[in-house]
$ cat input.cif   # mmCIF, C-alpha atoms
data_run
loop_
_atom_site.label_atom_id
_atom_site.label_comp_id
_atom_site.auth_asym_id
_atom_site.auth_seq_id
_atom_site.Cartn_x
_atom_site.Cartn_y
_atom_site.Cartn_z
CA MET H 93 0.00 0.00 0.00
CA GLU H 94 1.23 3.46 -0.82
CA ARG H 95 2.29 5.29 2.31
CA LYS H 96 0.67 8.63 2.76
CA ILE H 97 0.99 11.31 5.37
CA VAL H 98 -1.42 14.02 6.29
CA ARG H 99 -0.96 17.44 7.70
CA PHE H 100 -3.84 19.02 9.57
CA ILE H 101 -4.23 22.65 8.64
CA SER H 102 -5.23 25.18 11.22
CA GLU H 103 -3.20 28.08 9.90
CA ARG H 104 -3.55 30.20 6.83
CA SER H 105 -1.19 28.26 4.69
CA TYR H 106 0.33 24.86 4.45
CA GLN H 107 3.59 26.35 3.32
CA THR H 108 6.19 25.57 5.95
CA ASN H 109 9.43 27.26 5.04
CA THR H 110 11.36 28.50 8.00
CA ASP H 111 14.97 28.77 9.00
CA LYS H 112 14.58 26.13 11.62
CA PRO H 113 13.38 22.62 10.88
CA PRO H 114 9.68 23.06 10.31
CA PHE H 115 7.37 21.06 12.45
CA ILE H 116 4.62 19.50 10.47
CA GLU H 117 1.73 17.54 11.84
CA LEU H 118 1.90 14.24 10.09
CA LEU H 119 0.26 10.94 10.57
CA GLU H 120 0.83 7.92 8.48
CA PHE H 121 -2.13 6.37 6.71
CA PRO H 122 -4.12 4.24 7.01
CA ILE H 123 -5.46 5.20 10.37
CA PRO H 124 -9.06 5.27 11.55
CA ASN H 125 -10.74 8.49 12.65
CA PHE H 126 -7.83 10.66 11.64
CA GLY H 127 -10.07 13.72 11.62
CA ARG H 128 -10.73 13.24 15.28
CA ILE H 129 -7.02 12.81 15.82
CA GLY H 130 -6.45 16.13 14.07
CA GLU H 131 -8.76 17.84 16.49
CA VAL H 132 -7.51 16.14 19.62
CA PHE H 133 -3.79 16.06 18.96
CA VAL H 134 -3.24 19.07 16.76
CA LEU H 135 -6.00 21.62 17.07
CA ASN H 136 -6.84 21.41 20.74
CA PRO H 137 -3.26 21.88 21.99
CA ILE H 138 -2.94 24.96 19.78
CA ASN H 139 -6.20 26.37 21.06
CA GLU H 140 -5.20 25.80 24.65
CA LYS H 141 -2.33 28.18 24.02
CA ASN H 142 -3.67 30.46 21.34
CA GLY H 143 -7.40 30.90 21.36
CA SER H 144 -9.84 29.82 18.76
CA ARG H 145 -8.35 28.23 15.69
CA THR H 146 -10.43 26.02 13.49
CA LEU H 147 -9.51 23.08 11.37
CA HIS H 148 -9.55 24.25 7.76
CA GLY H 149 -8.74 20.94 6.19
CA ARG H 150 -5.85 18.72 5.53
CA GLY H 151 -3.02 18.23 3.08
CA ASP H 152 -2.14 14.73 1.94
CA ILE H 153 1.38 13.96 0.82
CA LYS H 154 2.82 10.68 -0.37
CA ALA H 155 5.78 9.59 1.69
CA LYS H 156 7.67 8.99 -1.54
CA ASP H 157 7.20 12.63 -2.55
CA VAL H 158 8.84 13.78 0.66
CA ILE H 159 11.85 11.60 -0.05
CA ASP H 160 11.94 12.73 -3.68
CA VAL H 161 12.56 16.32 -2.60
CA ASN H 162 15.48 15.13 -0.45
CA LEU H 163 13.68 15.43 2.83
CA THR H 164 13.25 12.73 5.45
CA LEU H 165 10.31 11.43 7.42
CA LYS H 166 11.20 10.96 11.04
CA PRO H 167 8.77 9.15 13.33
CA ASN H 168 8.09 10.95 16.57
CA SER H 169 5.63 9.42 18.96
CA ASN H 170 4.72 12.76 20.48
CA PRO H 171 1.94 13.93 20.42
CA HIS H 172 0.54 10.79 18.79
CA PRO H 173 2.05 7.30 18.40
CA ARG H 174 1.92 7.64 14.61
CA HIS H 175 3.12 11.17 14.41
CA ALA H 176 6.09 11.97 12.21
CA GLU H 177 8.05 15.03 11.24
CA ILE H 178 9.63 16.10 8.00
CA VAL H 179 13.30 16.77 8.72
CA ASP H 180 16.64 17.29 6.98
CA TRP H 181 15.61 20.64 5.59
CA PRO H 182 18.45 22.45 3.80
CA SER H 183 20.14 25.12 5.86
CA ASP H 184 20.32 27.50 2.91
CA PRO H 185 17.13 29.62 3.06
CA ILE H 186 16.64 29.59 -0.70
CA ALA H 187 17.00 25.82 -0.95
CA GLN H 188 14.75 25.47 2.05
CA GLN H 189 12.05 27.59 0.48
CA GLN H 190 12.32 25.62 -2.75
CA ALA H 191 11.87 22.37 -0.83
CA ALA H 192 8.80 23.78 0.92
CA THR H 193 7.45 24.93 -2.43
CA ASP H 194 8.05 21.47 -3.88
CA LEU H 195 6.07 19.99 -1.01
CA VAL H 196 3.21 22.37 -1.72
CA ALA H 197 3.19 21.14 -5.31
CA VAL H 198 2.85 17.49 -4.33
CA THR H 199 0.32 18.08 -1.57
CA THR H 200 -3.33 17.38 -2.25
CA LEU H 201 -5.39 19.86 -0.35
CA HIS H 202 -8.75 18.88 1.11
CA LEU H 203 -10.58 21.86 2.48
CA LEU H 204 -13.49 21.32 4.79
CA PRO H 205 -16.80 22.58 3.46
CA ASP H 206 -18.26 22.59 6.92
CA GLN H 207 -15.89 22.81 9.82
CA SER H 208 -18.47 21.61 12.29
CA ASN H 209 -18.58 18.34 10.38
CA ALA H 210 -14.86 17.98 10.26
CA TYR H 211 -13.87 14.55 9.07
CA PRO H 212 -15.50 11.25 8.28
CA MET V 38 -11.81 52.98 -10.50
CA THR V 39 -8.91 53.18 -12.84
CA ALA V 40 -5.51 51.75 -12.20
CA THR V 41 -3.90 54.61 -10.42
CA SER V 42 -1.88 54.81 -7.28
CA ALA V 43 -3.79 52.85 -4.74
CA PHE V 44 -3.27 54.69 -1.53
CA PRO V 45 -3.79 58.23 -0.42
CA THR V 46 -1.69 59.64 2.37
CA THR V 47 -4.11 58.33 4.95
CA ASP V 48 -3.68 54.71 4.00
CA PHE V 49 -3.28 52.21 6.78
CA SER V 50 -0.54 50.30 5.12
CA TYR V 51 2.18 51.34 7.50
CA PHE V 52 0.67 50.20 10.75
CA CYS V 53 3.31 48.42 12.75
CA MET V 54 4.96 48.12 16.11
CA GLU V 55 8.58 48.71 16.88
CA ASN V 56 9.68 45.17 17.49
CA THR V 57 6.83 42.82 16.87
CA VAL V 58 3.47 43.58 15.43
CA SER V 59 0.37 43.48 17.53
CA SER V 60 -3.20 43.72 16.44
CA LYS V 61 -4.02 45.37 19.73
CA ASN V 62 -1.67 48.26 19.45
CA PHE V 63 -1.06 49.56 15.97
CA LYS V 64 1.11 52.52 15.36
CA ALA V 65 1.34 54.50 12.21
CA LEU V 66 4.97 54.82 11.22
CA GLU V 67 6.39 57.90 9.64
CA VAL V 68 6.80 57.12 5.99
CA PRO V 69 7.91 59.68 3.50
CA LYS V 70 5.25 60.71 1.05
CA ASN V 71 5.93 60.59 -2.66
CA THR V 72 7.91 57.40 -2.40
CA HIS V 73 5.67 55.75 -4.94
CA ASN V 74 7.76 54.92 -7.92
CA GLU V 75 6.77 54.25 -11.49
CA GLN V 76 5.78 50.73 -10.63
CA SER V 77 3.51 51.74 -7.78
CA SER V 78 1.76 54.32 -9.90
CA ASN V 79 0.45 51.34 -11.83
CA SER V 80 -0.34 49.45 -8.71
CA VAL V 81 -3.41 47.42 -8.04
CA THR V 82 -6.78 49.05 -7.67
CA TRP V 83 -7.83 50.30 -4.30
CA THR V 84 -10.43 47.58 -3.83
CA LYS V 85 -8.02 44.80 -4.57
CA SER V 86 -5.38 46.32 -2.34
CA PHE V 87 -7.89 46.88 0.40
CA GLN V 88 -8.73 43.19 0.42
CA MET V 89 -5.08 42.29 0.63
CA PHE V 90 -4.50 44.73 3.46
CA LEU V 91 -7.41 43.25 5.32
CA GLU V 92 -5.77 39.89 4.87
CA MET V 93 -2.54 41.37 6.19
CA LEU V 94 -4.35 42.59 9.26
CA GLU V 95 -5.68 39.09 9.79
CA VAL V 96 -2.17 37.72 9.47
CA ILE V 97 -0.94 40.25 12.02
CA ARG V 98 -3.77 39.41 14.38
CA ASP V 99 -3.17 35.69 14.08
CA SER V 100 0.60 35.73 14.43
CA SER V 101 1.47 38.59 16.74
CA THR V 102 2.14 36.46 19.79
CA PRO V 103 4.89 33.92 20.38
CA ASN V 104 3.90 30.34 19.73
CA TRP V 105 0.99 31.39 17.54
CA ASP V 106 1.06 28.05 15.75
CA GLY V 107 1.34 25.98 18.90
CA TYR V 108 4.82 24.86 17.87
CA ASP V 109 7.07 27.61 19.17
CA ALA V 110 6.64 29.96 16.22
CA LEU V 111 8.15 33.39 16.61
CA PRO V 112 5.83 36.40 16.46
CA LEU V 113 5.60 38.15 13.13
CA LYS V 114 8.41 40.67 12.85
CA ALA V 115 7.34 44.28 12.41
CA THR V 116 10.02 44.77 9.79
CA ALA V 117 8.73 41.80 7.81
CA ALA V 118 5.15 43.04 8.08
CA ARG V 119 6.23 46.48 6.93
CA GLU V 120 7.98 45.03 3.91
CA ALA V 121 4.97 42.88 3.11
CA VAL V 122 2.71 45.90 3.18
CA ARG V 123 5.09 47.75 0.88
CA PHE V 124 5.25 44.73 -1.42
CA ILE V 125 1.47 44.69 -1.71
CA GLU V 126 1.34 48.39 -2.28
CA ILE V 127 3.69 48.33 -5.24
CA MET V 128 2.33 45.23 -6.91
CA PRO V 129 1.46 45.95 -10.53
CA ILE V 130 -2.19 45.82 -11.40
CA TRP V 131 -1.84 42.71 -13.53
CA MET V 132 -0.28 40.74 -10.71
CA PRO V 133 -2.76 38.30 -9.15
CA GLU V 134 -3.41 38.41 -5.43
CA PRO V 135 -1.26 36.01 -3.44
CA ASP V 136 -2.17 34.02 -0.39
CA ILE V 137 -0.47 35.67 2.56
CA ALA V 138 0.79 33.63 5.47
CA PRO V 139 2.98 34.18 8.50
CA LEU V 140 5.99 31.90 8.72
CA PRO V 141 7.12 30.25 11.94
CA ASN V 142 10.41 32.16 11.99
CA GLY V 143 8.69 35.57 12.11
CA ASP V 144 8.92 36.18 8.38
CA ILE V 145 5.98 36.52 6.05
CA GLY V 146 5.24 34.52 2.95
CA PHE V 147 3.29 35.14 -0.25
CA GLN V 148 2.14 32.27 -2.38
CA TRP V 149 0.75 32.20 -5.90
CA HIS V 150 -0.77 28.90 -6.86
CA PHE V 151 -1.86 28.69 -10.48
CA GLY V 152 -2.01 24.92 -10.65
CA LYS V 153 -0.34 21.81 -9.31
CA PHE V 154 3.07 22.59 -10.76
CA ARG V 155 2.75 26.32 -11.30
CA ILE V 156 3.63 27.83 -7.96
CA LEU V 157 5.62 30.80 -6.74
CA THR V 158 6.47 31.52 -3.13
CA VAL V 159 8.06 34.70 -1.89
CA SER V 160 9.25 35.38 1.62
CA LEU V 161 10.15 38.65 3.29
CA SER V 162 12.19 38.86 6.45
CA GLY V 163 12.44 42.58 6.99
CA LYS V 164 16.03 42.69 5.77
CA ASN V 165 15.32 44.16 2.34
CA ILE V 166 15.73 40.78 0.71
CA VAL V 167 13.15 38.87 -1.27
CA ILE V 168 13.61 35.11 -1.38
CA TYR V 169 11.64 33.37 -4.09
CA ALA V 170 11.14 29.78 -5.15
CA SER V 171 9.02 28.49 -7.97
CA ILE V 172 7.90 25.52 -9.98
CA LEU V 173 7.43 26.29 -13.64
CA GLY V 174 5.14 23.61 -14.97
CA SER V 175 6.88 20.47 -13.77
CA LEU V 176 9.01 19.43 -10.83
CA ASP V 177 12.17 19.45 -12.93
CA ARG V 178 11.67 23.08 -13.92
CA LYS V 179 12.34 25.39 -11.03
CA LYS V 180 13.67 28.86 -10.48
CA ASN V 181 14.72 30.30 -7.17
CA GLY V 182 16.97 32.91 -5.70
CA SER V 183 17.11 36.08 -3.69
CA GLU V 184 16.98 39.71 -4.72
CA LYS V 185 17.34 43.03 -3.01
CA PHE V 186 14.00 44.59 -2.17
CA ASN V 187 14.51 48.19 -3.14
CA ASP V 188 11.01 49.51 -3.23
CA SER V 189 10.17 47.65 -6.39
CA ILE V 190 9.10 44.10 -7.09
CA PRO V 191 12.15 42.17 -8.28
CA GLU V 192 12.17 41.69 -12.03
CA GLU V 193 12.64 37.94 -11.71
CA VAL V 194 9.53 37.61 -9.55
CA LEU V 195 7.50 39.54 -12.13
CA LYS V 196 8.82 37.33 -14.92
CA ILE V 197 7.89 34.15 -13.08
CA ILE V 198 4.40 35.40 -12.35
CA ALA V 199 3.95 36.37 -15.99
CA GLN V 200 5.20 32.97 -17.06
CA ILE V 201 3.19 30.69 -14.80
CA GLY V 202 0.14 32.89 -14.42
CA SER V 203 -0.64 33.19 -18.09
#
$ encode --input "input.cif" --output "structure tokens"
Amino acid sequence: MERKIVRFISERSYQTNTDKPPFIELLEFPIPNFGRIGEVFVLNPINEKNGSRTLHGRGDIKAKDVIDVNLTLKPNSNPHPRHAEIVDWPSDPIAQQQAATDLVAVTTLHLLPDQSNAYP
Amino acid sequence: MTATSAFPTTDFSYFCMENTVSSKNFKALEVPKNTHNEQSSNSVTWTKSFQMFLEMLEVIRDSSTPNWDGYDALPLKATAAREAVRFIEIMPIWMPEPDIAPLPNGDIGFQWHFGKFRILTVSLSGKNIVIYASILGSLDRKKNGSEKFNDSIPEEVLKIIAQIGS
């Protein structure tokens, strides 16, 4: 089965370029009730610190696409057992931004039509 | 409205704080009048700019505190916000509106997404440098780099937009 990862989106953009290794909320598929996981493990901790964000949707990326842009998937069991991070970002800011842009290109965005009915 | 200079002297495009921006405490900075160059005289219409400035205000509101993303993001830098506002102000009228997003390191990013492999991202850090990265139709066709931000949109950025946006 093709490995996929998902990033839950609570910010304005799923672009991630930064000069430190970006933290991305990722969970490997297949996993049941991942929408609920997005709310519990991603959205709620943010809202505890920073008010009233909503879940706008999710971005799906194939694990292979991450590797193809010379980045690495690193499992990290916090905050969820199947959480992972994208690491090995280039230190050069231009190369880093290109890698983030490449990820945008291979991400399939699924916006939520109704945020109160978040995920199946 | 015709495509003339978008902002009168009372525009709100220079609202910023000294160190980090805050939606609770805007300050109008002293900005010399008549700094609009040839490019800005052809800038976007007032309505279009107004929408983008509203979006900027949302960005400022959402990212003015440390840890705004829940993952230790730095607050949006006032210098970056100021540059972003200037960038918007001098955008030529033909240039499509970007998505505007704060970045976790305190910078600000613009993104034009014309299709799966027609993407341009621009970031501004408040250091008078524009970093851009793009995909020009397929993953093996990319252009990226950095340019000085001297009160005009870098030529390379305009070329990329014209290329992938057409």
$ closest_residue --input "input.cif" --among "H:Ile153, H:Val158, H:Val179, H:Ala197" --to "chain V" --atoms "only C-alpha atoms"
H:Ala197
$ residues_around --input "input.cif" --residues "V:Asn187" --least-positions-apart "3" --cutoff "10 Å" --atoms "all atoms listed in the file" --output "ChimeraX atom specification"
/V:165-167,184,190-191
$ atom_distance --input "input.cif" --atom1 "atom CA of H:Gly151" --atom2 "atom CA of V:His150"
14.8 Å
$ resolve_selection --input "input.cif" --expression "the PyMOL selection byres ((chain V) within 7 of (chain H))" --output "PDB file with C-alpha atoms, keeping the file's coordinate frame"
ATOM      1  CA  TRP V 105       0.990  31.390  17.540  1.00  0.00           C
ATOM      2  CA  ASP V 106       1.060  28.050  15.750  1.00  0.00           C
ATOM      3  CA  GLY V 107       1.340  25.980  18.900  1.00  0.00           C
ATOM      4  CA  ALA V 138       0.790  33.630   5.470  1.00  0.00           C
ATOM      5  CA  LEU V 140       5.990  31.900   8.720  1.00  0.00           C
ATOM      6  CA  PRO V 141       7.120  30.250  11.940  1.00  0.00           C
ATOM      7  CA  ASN V 142      10.410  32.160  11.990  1.00  0.00           C
ATOM      8  CA  LYS V 153      -0.340  21.810  -9.310  1.00  0.00           C
ATOM      9  CA  PHE V 154       3.070  22.590 -10.760  1.00  0.00           C
ATOM     10  CA  THR V 158       6.470  31.520  -3.130  1.00  0.00           C
ATOM     11  CA  ILE V 168      13.610  35.110  -1.380  1.00  0.00           C
ATOM     12  CA  ALA V 170      11.140  29.780  -5.150  1.00  0.00           C
ATOM     13  CA  SER V 171       9.020  28.490  -7.970  1.00  0.00           C
ATOM     14  CA  ASN V 181      14.720  30.300  -7.170  1.00  0.00           C
ATOM     15  CA  GLY V 182      16.970  32.910  -5.700  1.00  0.00           C
TER      16      GLY V 182
END
$ resolve_selection --input "input.cif" --expression "the PyMOL selection byres ((chain V and resi 155) around 6)" --output "PyMOL selection string"
chain V and resi 151-154+156+172-174+201
$ atom_distance --input "input.cif" --atom1 "atom CA of V:Glu134" --atom2 "atom CA of V:Val194"
13.6 Å
$ atom_distance --input "input.cif" --atom1 "atom CA of V:Asp109" --atom2 "atom CA of H:Asn168"
16.9 Å
$ residues_near_point --input "input.cif" --point "(2.2, 33.1, -0.1)" --cutoff "9 Å" --atoms "only C-alpha atoms" --output "list in words"
Ser105 and Gln107 of chain H; Pro135, Asp136, Ile137, Ala138, Pro139, Ile145, Gly146, Phe147, Gln148, Trp149, His150, Leu157, Thr158, Val159 and Ser160 of chain V
$ closest_residue --input "input.cif" --among "H:His175, H:Ser169, H:Asp157, H:Arg150" --to "H:Leu201" --atoms "all atoms listed in the file"
H:Arg150
$ closest_residue --input "input.cif" --among "V:Val96, V:Met132, V:Gln88, V:Asn104" --to "V:Ala199" --atoms "only C-alpha atoms"
V:Met132
$ residues_around --input "input.cif" --residues "V:Asp188" --least-positions-apart "2" --cutoff "8 Å" --atoms "all atoms listed in the file" --output "VMD selection string"
chain V and resid 74 123 to 124 127 186 190
$ resolve_selection --input "input.cif" --expression "the PyMOL selection byres ((chain V and resi 97) around 9)" --output "ChimeraX atom specification"
/V:58-60,92-96,98-101,112-113,118,139
$ write_last_selection --input "input.cif" --atoms "C-alpha atoms" --output "mmCIF file, in the coordinates of the input"
data_model
loop_
_atom_site.group_PDB
_atom_site.id
_atom_site.type_symbol
_atom_site.label_atom_id
_atom_site.label_comp_id
_atom_site.auth_asym_id
_atom_site.auth_seq_id
_atom_site.Cartn_x
_atom_site.Cartn_y
_atom_site.Cartn_z
ATOM 1 C CA VAL V 58 3.470 43.580 15.430
ATOM 2 C CA SER V 59 0.370 43.480 17.530
ATOM 3 C CA SER V 60 -3.200 43.720 16.440
ATOM 4 C CA GLU V 92 -5.770 39.890 4.870
ATOM 5 C CA MET V 93 -2.540 41.370 6.190
ATOM 6 C CA LEU V 94 -4.350 42.590 9.260
ATOM 7 C CA GLU V 95 -5.680 39.090 9.790
ATOM 8 C CA VAL V 96 -2.170 37.720 9.470
ATOM 9 C CA ARG V 98 -3.770 39.410 14.380
ATOM 10 C CA ASP V 99 -3.170 35.690 14.080
ATOM 11 C CA SER V 100 0.600 35.730 14.430
ATOM 12 C CA SER V 101 1.470 38.590 16.740
ATOM 13 C CA PRO V 112 5.830 36.400 16.460
ATOM 14 C CA LEU V 113 5.600 38.150 13.130
ATOM 15 C CA ALA V 118 5.150 43.040 8.080
ATOM 16 C CA PRO V 139 2.980 34.180 8.500
#
$ closest_residue --input "input.cif" --among "H:Leu203, H:Leu165, H:Ala176, H:Leu195" --to "H:Gly149" --atoms "all atoms listed in the file"
H:Leu203
